Amino acid sequence: MIKRLFLCVRQYKRDSILAPLFMVGEVSMEVLLPYLMAMLIDNGIDKGDMNYILNMGLRLFAAAMLAMCFGILSGAFAASASAGFARNVRKDLFYSVSGFSFSNIDKFSASSLVTRLTTDVANVQNAYQMIIRMAVRAPMMLLMSFAMAFSVSRKLSMTFLLALPILGFGLWYVITSTHPIFVRVFKTYDKLNRVVRENLRGMRVVKSFVREGFEREKFGVISDIIFKDFSKAEKRLAINMPLMQLCAYGCLIMLMWFGARMIIVDKELATGELMSLIAYSMQILSSLMMLSMVFVMIIISRASAERITEVLNETSSLRNPDAPVFKVKDGSISLKGVNFSYAGKGGKICLAGANLDIASGETVGILGGTGSSKTTLVQLIPRLYDATGGEVIVGGVNVRNYDIESLRNAVSVVLQKNVLFSGTIKENLLWGNENATNEEIARACSLAQADGFIDALPGKYGYFVEQGGSNVSGGQKQRLCIARALLKNPKILILDDSTSAVDTRTDAAIRKAFKEDLPKVTKIIISQRAASVQDADKIVIMESGRIEAVGTHETLMRTSQIYREVYESQTRGGDFDEASQA
């Protein structure tokens, strides 16, 4: 874990090295101050030697100024190193997540990944800054102060050793008892994040069903679990500070008691030496306090570091072959005994024994009930998932042998969940082809039947779309997503129920435009409407994860009871206008 996170330091290694080096300089000067003060008292003030007092005063001032300068430089380099380290961690995390397959994302969940990119990175950043500053300062101060105290009086310095077993046991208890709690807390944070995301995304549904109270209660339950776990952990962490203070102040009392006796009775110690010992004891106390803070931060951040490393070490389940094919010859598709399970091999089969041949340029309709694995089937074509059995062949080549980027550039998919990003309409369309000309954009919008409503918008292609496309209708959003997919100039175009919010007249116009203007593009249309796939060259009927029938409309009306029942149930009452949905 440490080795993997250390790779994120990169260009901030210099700052990460200079911060503790300057900290060592600051500690050295601070430890030197009590020693100089003792000499000033014993050799200058007690003897009334003004020259010696002035000389030692200048040395004290110089040491204090050096300590301040070293401290400022250490703080500046530590801030730069920790902020840069966190920047690199976030960057590496985001790049890792961007390269994940859908199955990798399903493994972690979106809410958990967001928590790891935000809360967990902040915890690790704070811990890193403490490590390169406090984790250096505290032990250095402890060792150097103890060494200086030991040089002043061996007998009195032995009192500090009495506290070590007590402190060691206390720290061991705190670390072993609180780490499992923080591991549990951060997993609960994932659940809390999921609840918040669902509530914000589904706010209209929540309000329309008057479920604010239910959502507040659900949030409150998870928030209460986090509160109880954090309270439990903080109570155990709270033992740390009183234990440190007990040991430190206990040592200070013994030091003053026995030190005063050695000055007055035994005449073994000078006044300045006792004052320096008291100063060193205070430095030891402060270093112990800092150590306790470092341990607390490391305990909290350890769980975050483990979660971050888990994502960084995750490898995408989809990889390029050693010698990939970069060119997709045509839009032909062949499925040979394809099986698929979201849980991988050995998991529940969602798609079983799929066999299908599609010629390049054909229009294929896919019809089936909810849960019949229509979407699953088409997601295997651009290799969004890998089949767990059988072969998926595109352009005469197994999709596993293609360069993933080249394959996906040849396949345009308009998924069920249409997504538009905040920005202008033109900026959203350029996702399909960033180099597209205005003429190409206009043509794609014309084919998707989107040009009409775009021209009516203020600013037209410069109209600003809010996040998620909340200021355009469902039908408008679908048509923009279709236009965006067309700008890729794909060899295969997949529409996954992506005209469901479009009225039947516009749906028919889109299909007509595809047939006339995209004759060489293989078009796969998933729909709940039989009318949307009725004119297709081939219609695929799916049921319970299997391909039940394949044929034209006329053939299936004779041979497929499922298709006949769907068609008759939808046409019995006649076509109706769904323009209001657009």
# chains A, B, ... in the order shown; residues from 1 in each chain; ligands from 1

call {"tool": "closest_atom_pairs", "arguments": {"of": "segment 228-301 of chain A", "to": "segment 132-135 of chain A", "cutoff": "9 Å", "atoms": "only C-alpha atoms", "output": "tab-separated table"}}
result
residue	atom	partner	partner_atom	distance
A:Ser287	CA	A:Met134	CA	8.7
A:Met290	CA	A:Met134	CA	6.5
A:Leu291	CA	A:Ala135	CA	6.9
A:Met293	CA	A:Met134	CA	8.6
A:Val294	CA	A:Ala135	CA	6.4
A:Phe295	CA	A:Ala135	CA	8.9

call {"tool": "residues_around", "arguments": {"residues": "Phe326 of chain A", "least_positions_apart": "5", "cutoff": "12 Å", "atoms": "only C-alpha atoms", "output": "number ranges by chain"}}
result
A: 320-321, 395, 397, 399-410

call {"tool": "residues_around", "arguments": {"residues": "Val27 of chain A", "least_positions_apart": "5", "cutoff": "9 Å", "atoms": "only C-alpha atoms", "output": "ChimeraX atom specification"}}
result
/A:22,32,67,70-71,137-138,140-141,144

call {"tool": "select_by_dssp", "arguments": {"residues": "segment 180-400 of chain A", "states": "strand (DSSP E or B)", "output": "ChimeraX atom specification"}}
result
/A:325,333-340,351-358,363-368,389-394,397-398

call {"tool": "write_last_selection", "arguments": {"atoms": "N, CA and C atoms", "output": "PDB file, in the first residue's frame"}}
result
ATOM      1  N   VAL A 325      -6.039  -5.417 -33.745  1.00  0.00           N
ATOM      2  CA  VAL A 325      -6.488  -5.002 -35.080  1.00  0.00           C
ATOM      3  C   VAL A 325      -7.061  -3.593 -34.947  1.00  0.00           C
ATOM      4  N   ILE A 333     -21.976  -8.471 -38.208  1.00  0.00           N
ATOM      5  CA  ILE A 333     -21.931  -8.944 -36.821  1.00  0.00           C
ATOM      6  C   ILE A 333     -22.321 -10.409 -36.787  1.00  0.00           C
ATOM      7  N   SER A 334     -21.611 -11.180 -35.976  1.00  0.00           N
ATOM      8  CA  SER A 334     -21.943 -12.593 -35.826  1.00  0.00           C
ATOM      9  C   SER A 334     -21.767 -13.002 -34.366  1.00  0.00           C
ATOM     10  N   LEU A 335     -22.810 -13.542 -33.781  1.00  0.00           N
ATOM     11  CA  LEU A 335     -22.751 -14.075 -32.420  1.00  0.00           C
ATOM     12  C   LEU A 335     -22.779 -15.595 -32.520  1.00  0.00           C
ATOM     13  N   LYS A 336     -21.812 -16.247 -31.897  1.00  0.00           N
ATOM     14  CA  LYS A 336     -21.715 -17.703 -31.974  1.00  0.00           C
ATOM     15  C   LYS A 336     -21.723 -18.306 -30.569  1.00  0.00           C
ATOM     16  N   GLY A 337     -22.868 -18.823 -30.177  1.00  0.00           N
ATOM     17  CA  GLY A 337     -22.998 -19.476 -28.876  1.00  0.00           C
ATOM     18  C   GLY A 337     -22.611 -18.586 -27.711  1.00  0.00           C
ATOM     19  N   VAL A 338     -23.067 -17.336 -27.737  1.00  0.00           N
ATOM     20  CA  VAL A 338     -22.640 -16.352 -26.737  1.00  0.00           C
ATOM     21  C   VAL A 338     -23.410 -16.528 -25.427  1.00  0.00           C
ATOM     22  N   ASN A 339     -22.659 -16.622 -24.339  1.00  0.00           N
ATOM     23  CA  ASN A 339     -23.215 -16.609 -22.986  1.00  0.00           C
ATOM     24  C   ASN A 339     -22.648 -15.404 -22.257  1.00  0.00           C
ATOM     25  N   PHE A 340     -23.417 -14.875 -21.303  1.00  0.00           N
ATOM     26  CA  PHE A 340     -22.901 -13.759 -20.521  1.00  0.00           C
ATOM     27  C   PHE A 340     -23.492 -13.768 -19.122  1.00  0.00           C
ATOM     28  N   LEU A 351     -27.494 -14.067 -20.448  1.00  0.00           N
ATOM     29  CA  LEU A 351     -27.676 -14.290 -21.882  1.00  0.00           C
ATOM     30  C   LEU A 351     -27.112 -15.663 -22.196  1.00  0.00           C
ATOM     31  N   ALA A 352     -27.937 -16.519 -22.793  1.00  0.00           N
ATOM     32  CA  ALA A 352     -27.517 -17.921 -22.975  1.00  0.00           C
ATOM     33  C   ALA A 352     -27.653 -18.348 -24.433  1.00  0.00           C
ATOM     34  N   GLY A 353     -26.586 -18.935 -24.959  1.00  0.00           N
ATOM     35  CA  GLY A 353     -26.611 -19.572 -26.280  1.00  0.00           C
ATOM     36  C   GLY A 353     -27.071 -18.689 -27.410  1.00  0.00           C
ATOM     37  N   ALA A 354     -26.620 -17.438 -27.433  1.00  0.00           N
ATOM     38  CA  ALA A 354     -27.067 -16.496 -28.472  1.00  0.00           C
ATOM     39  C   ALA A 354     -26.320 -16.746 -29.778  1.00  0.00           C
ATOM     40  N   ASN A 355     -27.097 -17.015 -30.838  1.00  0.00           N
ATOM     41  CA  ASN A 355     -26.537 -17.195 -32.183  1.00  0.00           C
ATOM     42  C   ASN A 355     -27.266 -16.246 -33.122  1.00  0.00           C
ATOM     43  N   LEU A 356     -26.518 -15.392 -33.806  1.00  0.00           N
ATOM     44  CA  LEU A 356     -27.142 -14.396 -34.666  1.00  0.00           C
ATOM     45  C   LEU A 356     -26.144 -13.910 -35.701  1.00  0.00           C
ATOM     46  N   ASP A 357     -26.610 -13.782 -36.950  1.00  0.00           N
ATOM     47  CA  ASP A 357     -25.769 -13.254 -38.023  1.00  0.00           C
ATOM     48  C   ASP A 357     -26.442 -12.039 -38.636  1.00  0.00           C
ATOM     49  N   ILE A 358     -25.701 -10.926 -38.707  1.00  0.00           N
ATOM     50  CA  ILE A 358     -26.213  -9.676 -39.259  1.00  0.00           C
ATOM     51  C   ILE A 358     -25.257  -9.220 -40.351  1.00  0.00           C
ATOM     52  N   THR A 363     -30.705  -3.474 -41.327  1.00  0.00           N
ATOM     53  CA  THR A 363     -31.423  -2.873 -40.201  1.00  0.00           C
ATOM     54  C   THR A 363     -32.060  -4.008 -39.411  1.00  0.00           C
ATOM     55  N   VAL A 364     -31.709  -4.098 -38.150  1.00  0.00           N
ATOM     56  CA  VAL A 364     -32.166  -5.198 -37.299  1.00  0.00           C
ATOM     57  C   VAL A 364     -32.926  -4.625 -36.109  1.00  0.00           C
ATOM     58  N   GLY A 365     -34.102  -5.135 -35.893  1.00  0.00           N
ATOM     59  CA  GLY A 365     -34.884  -4.735 -34.729  1.00  0.00           C
ATOM     60  C   GLY A 365     -34.796  -5.802 -33.648  1.00  0.00           C
ATOM     61  N   ILE A 366     -34.743  -5.392 -32.408  1.00  0.00           N
ATOM     62  CA  ILE A 366     -34.725  -6.332 -31.281  1.00  0.00           C
ATOM     63  C   ILE A 366     -35.908  -6.009 -30.386  1.00  0.00           C
ATOM     64  N   LEU A 367     -36.741  -7.025 -30.148  1.00  0.00           N
ATOM     65  CA  LEU A 367     -37.963  -6.851 -29.386  1.00  0.00           C
ATOM     66  C   LEU A 367     -37.975  -7.866 -28.251  1.00  0.00           C
ATOM     67  N   GLY A 368     -38.446  -7.447 -27.108  1.00  0.00           N
ATOM     68  CA  GLY A 368     -38.517  -8.366 -25.975  1.00  0.00           C
ATOM     69  C   GLY A 368     -38.981  -7.646 -24.737  1.00  0.00           C
ATOM     70  N   GLY A 389     -18.754 -16.557 -22.570  1.00  0.00           N
ATOM     71  CA  GLY A 389     -18.680 -17.769 -23.374  1.00  0.00           C
ATOM     72  C   GLY A 389     -19.064 -17.471 -24.806  1.00  0.00           C
ATOM     73  N   GLY A 390     -18.517 -18.218 -25.752  1.00  0.00           N
ATOM     74  CA  GLY A 390     -18.825 -18.001 -27.160  1.00  0.00           C
ATOM     75  C   GLY A 390     -18.012 -16.873 -27.759  1.00  0.00           C
ATOM     76  N   GLU A 391     -18.380 -16.464 -28.984  1.00  0.00           N
ATOM     77  CA  GLU A 391     -17.633 -15.436 -29.707  1.00  0.00           C
ATOM     78  C   GLU A 391     -18.561 -14.345 -30.225  1.00  0.00           C
ATOM     79  N   VAL A 392     -18.069 -13.094 -30.132  1.00  0.00           N
ATOM     80  CA  VAL A 392     -18.742 -11.946 -30.745  1.00  0.00           C
ATOM     81  C   VAL A 392     -17.816 -11.457 -31.846  1.00  0.00           C
ATOM     82  N   ILE A 393     -18.273 -11.515 -33.092  1.00  0.00           N
ATOM     83  CA  ILE A 393     -17.433 -11.185 -34.244  1.00  0.00           C
ATOM     84  C   ILE A 393     -18.002  -9.953 -34.954  1.00  0.00           C
ATOM     85  N   VAL A 394     -17.168  -8.964 -35.177  1.00  0.00           N
ATOM     86  CA  VAL A 394     -17.546  -7.744 -35.880  1.00  0.00           C
ATOM     87  C   VAL A 394     -16.584  -7.548 -37.047  1.00  0.00           C
ATOM     88  N   VAL A 397     -13.859 -10.214 -37.449  1.00  0.00           N
ATOM     89  CA  VAL A 397     -12.811 -10.361 -36.434  1.00  0.00           C
ATOM     90  C   VAL A 397     -13.455 -10.422 -35.050  1.00  0.00           C
ATOM     91  N   ASN A 398     -12.953 -11.314 -34.207  1.00  0.00           N
ATOM     92  CA  ASN A 398     -13.421 -11.393 -32.822  1.00  0.00           C
ATOM     93  C   ASN A 398     -13.150 -10.066 -32.130  1.00  0.00           C
TER      94      ASN A 398
END

call {"tool": "closest_residue", "arguments": {"among": "A:Lys523, A:Ser544, A:Phe150, A:Phe169", "to": "Ile349 of chain A", "atoms": "only C-alpha atoms"}}
result
A:Ser544

call {"tool": "closest_residue", "arguments": {"among": "A:Arg87, A:Lys348, A:Lys187, A:Lys235", "to": "Ser111 of chain A", "atoms": "only C-alpha atoms"}}
result
A:Lys187

call {"tool": "closest_residue", "arguments": {"among": "A:Arg211, A:Lys345, A:Arg90, A:Lys477", "to": "Val414 of chain A", "atoms": "only C-alpha atoms"}}
result
A:Lys477

call {"tool": "closest_residue", "arguments": {"among": "A:Arg564, A:Arg546, A:Lys3, A:Lys91", "to": "Thr376 of chain A", "atoms": "only C-alpha atoms"}}
result
A:Arg546

call {"tool": "residues_around", "arguments": {"residues": "Phe230 of chain A", "least_positions_apart": "2", "cutoff": "10 Å", "atoms": "only C-alpha atoms", "output": "ChimeraX atom specification"}}
result
/A:178,181-182,184-185,224-228,232-236

call {"tool": "closest_residue", "arguments": {"among": "A:Leu143, A:Val174, A:Leu493, A:Val566", "to": "Ala531 of chain A", "atoms": "only C-alpha atoms"}}
result
A:Val566

call {"tool": "select_by_dssp", "arguments": {"residues": "segment 153-349 of chain A", "states": "alpha helix (DSSP H)", "output": "short mmCIF file (atom, residue, chain, number, x, y, z; two decimals) with C-alpha atoms, in the first residue's frame"}}
result
data_model
loop_
_atom_site.label_atom_id
_atom_site.label_comp_id
_atom_site.auth_asym_id
_atom_site.auth_seq_id
_atom_site.Cartn_x
_atom_site.Cartn_y
_atom_site.Cartn_z
CA ARG A 154 21.81 10.98 33.78
CA LYS A 155 19.98 10.35 37.03
CA LEU A 156 17.10 12.74 36.36
CA SER A 157 16.78 11.64 32.71
CA LEU A 164 7.61 4.27 27.92
CA PRO A 165 5.83 0.95 28.81
CA ILE A 166 2.64 2.80 29.76
CA LEU A 167 2.66 4.85 26.54
CA GLY A 168 3.46 1.80 24.40
CA PHE A 169 0.54 -0.21 25.76
CA GLY A 170 -1.86 2.74 25.42
CA LEU A 171 -0.92 3.40 21.79
CA TRP A 172 -1.20 -0.31 20.93
CA TYR A 173 -4.72 -0.45 22.38
CA VAL A 174 -5.86 2.70 20.55
CA ILE A 175 -4.50 1.57 17.17
CA THR A 176 -5.84 -2.01 17.27
CA SER A 177 -9.29 -1.05 18.58
CA THR A 178 -10.09 1.97 16.37
CA HIS A 179 -8.83 0.93 12.91
CA PRO A 180 -11.66 -1.61 12.29
CA ILE A 181 -14.19 1.07 13.26
CA PHE A 182 -12.83 3.54 10.69
CA VAL A 183 -12.86 0.82 8.01
CA ARG A 184 -16.56 0.31 8.77
CA VAL A 185 -17.26 4.06 8.88
CA PHE A 186 -15.89 4.73 5.39
CA LYS A 187 -18.00 1.90 3.95
CA THR A 188 -21.02 3.54 5.57
CA TYR A 189 -19.95 6.84 3.95
CA ASP A 190 -20.37 5.08 0.59
CA LYS A 191 -23.98 4.27 1.49
CA LEU A 192 -24.60 7.84 2.63
CA ASN A 193 -23.17 9.17 -0.64
CA ARG A 194 -25.42 6.80 -2.60
CA VAL A 195 -28.53 8.00 -0.73
CA VAL A 196 -27.64 11.66 -1.37
CA ARG A 197 -26.94 11.04 -5.09
CA GLU A 198 -30.19 9.11 -5.54
CA ASN A 199 -32.16 11.80 -3.74
CA LEU A 200 -30.69 14.64 -5.80
CA ARG A 201 -31.05 12.81 -9.12
CA MET A 203 -35.73 14.93 -6.65
CA ARG A 204 -38.67 15.35 -9.03
CA VAL A 205 -39.89 11.83 -8.29
CA VAL A 206 -39.43 12.31 -4.55
CA LYS A 207 -41.48 15.51 -4.58
CA SER A 208 -44.16 14.20 -6.92
CA GLU A 212 -39.46 13.77 1.45
CA GLY A 213 -40.14 12.35 4.91
CA PHE A 214 -39.13 8.84 3.85
CA GLU A 215 -35.90 10.10 2.26
CA ARG A 216 -35.08 12.20 5.34
CA GLU A 217 -35.63 9.15 7.55
CA LYS A 218 -33.40 6.99 5.30
CA PHE A 219 -30.67 9.63 5.39
CA GLY A 220 -31.07 9.98 9.16
CA VAL A 221 -30.64 6.24 9.77
CA ILE A 222 -27.33 6.07 7.88
CA SER A 223 -26.14 9.38 9.36
CA ASP A 224 -26.92 8.03 12.84
CA ILE A 225 -24.84 4.89 12.17
CA ILE A 226 -21.88 7.08 11.17
CA PHE A 227 -22.39 9.21 14.30
CA LYS A 228 -22.38 6.17 16.59
CA ASP A 229 -19.30 4.63 14.97
CA PHE A 230 -17.38 7.90 15.00
CA SER A 231 -18.38 8.52 18.62
CA LYS A 232 -17.15 5.07 19.59
CA ALA A 233 -13.85 5.59 17.77
CA GLU A 234 -13.34 9.11 19.16
CA LYS A 235 -13.98 7.90 22.72
CA ARG A 236 -11.17 5.39 22.34
CA LEU A 237 -8.92 7.93 20.66
CA ASN A 240 -4.56 8.88 23.99
CA MET A 241 -4.18 12.51 25.08
CA PRO A 242 -4.86 12.10 28.85
CA LEU A 243 -2.47 9.15 28.90
CA MET A 244 0.25 11.24 27.26
CA GLN A 245 -0.36 14.11 29.67
CA LEU A 246 -0.35 11.80 32.69
CA CYS A 247 3.04 10.38 31.76
CA ALA A 248 4.56 13.70 30.75
CA TYR A 249 3.39 15.72 33.74
CA GLY A 250 4.23 12.82 36.06
CA CYS A 251 7.78 12.90 34.74
CA LEU A 252 7.86 16.70 35.14
CA ILE A 253 6.79 16.51 38.81
CA MET A 254 9.44 13.89 39.60
CA LEU A 255 12.02 15.94 37.71
CA MET A 256 11.28 19.09 39.72
CA TRP A 257 11.14 17.19 43.02
CA PHE A 258 14.42 15.35 42.62
CA GLY A 259 16.08 18.25 40.75
CA ALA A 260 15.39 20.71 43.57
CA ARG A 261 16.83 18.21 46.06
CA MET A 262 19.97 17.78 43.93
CA ILE A 263 20.47 21.59 43.86
CA ILE A 264 19.78 22.36 47.52
CA THR A 271 20.01 26.28 38.62
CA GLY A 272 20.46 26.76 34.88
CA GLU A 273 20.82 23.02 34.37
CA LEU A 274 17.52 22.36 36.19
CA MET A 275 15.81 25.02 34.06
CA SER A 276 17.17 23.39 30.90
CA LEU A 277 15.92 19.99 32.12
CA ILE A 278 12.47 21.49 32.70
CA ALA A 279 12.56 23.00 29.20
CA TYR A 280 13.60 19.64 27.74
CA SER A 281 10.80 17.93 29.65
CA MET A 282 8.34 20.41 28.10
CA GLN A 283 9.80 19.66 24.67
CA ILE A 284 9.43 15.94 25.35
CA LEU A 285 5.83 16.59 26.45
CA SER A 286 5.04 18.53 23.27
CA SER A 287 6.68 15.86 21.11
CA LEU A 288 4.57 13.20 22.81
CA MET A 289 1.45 15.29 22.13
CA MET A 290 2.44 15.61 18.49
CA LEU A 291 3.10 11.88 18.28
CA SER A 292 -0.39 11.17 19.60
CA MET A 293 -1.88 13.47 16.93
CA VAL A 294 0.19 11.74 14.24
CA PHE A 295 -0.97 8.32 15.40
CA VAL A 296 -4.61 9.44 15.39
CA MET A 297 -4.30 10.83 11.85
CA ILE A 298 -2.50 7.71 10.62
CA ILE A 299 -5.20 5.48 12.14
CA ILE A 300 -7.93 7.47 10.37
CA SER A 301 -6.07 7.71 7.08
CA ARG A 302 -4.99 4.05 7.02
CA ALA A 303 -8.52 2.94 6.16
CA SER A 304 -8.69 5.65 3.45
CA ALA A 305 -5.28 4.65 2.07
CA GLU A 306 -6.38 1.01 1.82
CA ARG A 307 -9.52 2.04 -0.09
CA ILE A 308 -7.54 4.28 -2.46
CA THR A 309 -4.93 1.58 -3.10
CA GLU A 310 -7.69 -0.91 -3.83
CA VAL A 311 -8.86 1.26 -6.74
CA LEU A 312 -5.33 2.04 -7.96
#

call {"tool": "residues_around", "arguments": {"residues": "Thr375 of chain A", "least_positions_apart": "2", "cutoff": "8 Å", "atoms": "only C-alpha atoms", "output": "ChimeraX atom specification"}}
result
/A:373,377-379,496,526

call {"tool": "write_last_selection", "arguments": {"atoms": "N, CA and C atoms", "output": "PDB file, in the first residue's frame"}}
result
ATOM      1  N   SER A 373     -32.721  -9.266 -21.636  1.00  0.00           N
ATOM      2  CA  SER A 373     -31.289  -9.128 -21.977  1.00  0.00           C
ATOM      3  C   SER A 373     -31.036  -8.512 -23.349  1.00  0.00           C
ATOM      4  N   LEU A 377     -27.174  -7.880 -24.736  1.00  0.00           N
ATOM      5  CA  LEU A 377     -26.697  -8.408 -26.018  1.00  0.00           C
ATOM      6  C   LEU A 377     -25.937  -7.349 -26.805  1.00  0.00           C
ATOM      7  N   VAL A 378     -26.498  -6.123 -26.914  1.00  0.00           N
ATOM      8  CA  VAL A 378     -25.853  -5.112 -27.751  1.00  0.00           C
ATOM      9  C   VAL A 378     -24.615  -4.525 -27.073  1.00  0.00           C
ATOM     10  N   GLN A 379     -24.522  -4.599 -25.758  1.00  0.00           N
ATOM     11  CA  GLN A 379     -23.340  -4.067 -25.073  1.00  0.00           C
ATOM     12  C   GLN A 379     -22.108  -4.934 -25.315  1.00  0.00           C
ATOM     13  N   ASP A 496     -30.607   1.878 -28.363  1.00  0.00           N
ATOM     14  CA  ASP A 496     -31.178   1.057 -27.289  1.00  0.00           C
ATOM     15  C   ASP A 496     -32.388   1.767 -26.695  1.00  0.00           C
ATOM     16  N   ILE A 526     -33.337  -1.322 -30.712  1.00  0.00           N
ATOM     17  CA  ILE A 526     -34.061  -1.980 -29.624  1.00  0.00           C
ATOM     18  C   ILE A 526     -35.260  -1.108 -29.293  1.00  0.00           C
TER      19      ILE A 526
END

call {"tool": "closest_residue", "arguments": {"among": "A:Tyr342, A:Phe146, A:Phe77, A:Phe85", "to": "Ala19 of chain A", "atoms": "only C-alpha atoms"}}
result
A:Phe77

call {"tool": "residues_around", "arguments": {"residues": "Phe102 of chain A", "least_positions_apart": "5", "cutoff": "9 Å", "atoms": "only C-alpha atoms", "output": "PyMOL selection string"}}
result
chain A and resi 107+317+384-385

call {"tool": "write_last_selection", "arguments": {"atoms": "N, CA and C atoms", "output": "CSV table (one decimal), in the first residue's frame"}}
result
chain,number,residue,atom,x,y,z
A,107,LYS,N,-18.3,-3.3,-9.6
A,107,LYS,CA,-17.7,-3.9,-8.4
A,107,LYS,C,-17.6,-2.9,-7.2
A,317,SER,N,-11.0,-5.2,-16.5
A,317,SER,CA,-11.3,-6.5,-17.0
A,317,SER,C,-11.2,-6.6,-18.5
A,384,LEU,N,-18.3,-3.3,-24.4
A,384,LEU,CA,-18.5,-2.7,-23.1
A,384,LEU,C,-18.4,-3.7,-22.0
A,385,TYR,N,-18.8,-4.9,-22.3
A,385,TYR,CA,-18.6,-6.1,-21.5
A,385,TYR,C,-18.0,-7.2,-22.4

call {"tool": "atom_distance", "arguments": {"atom1": "atom CA of Gln528 of chain A", "atom2": "atom CA of Ser422 of chain A"}}
result
29.6 Å

call {"tool": "atom_distance", "arguments": {"atom1": "atom CA of Trp431 of chain A", "atom2": "atom CA of Ala323 of chain A"}}
result
28.0 Å
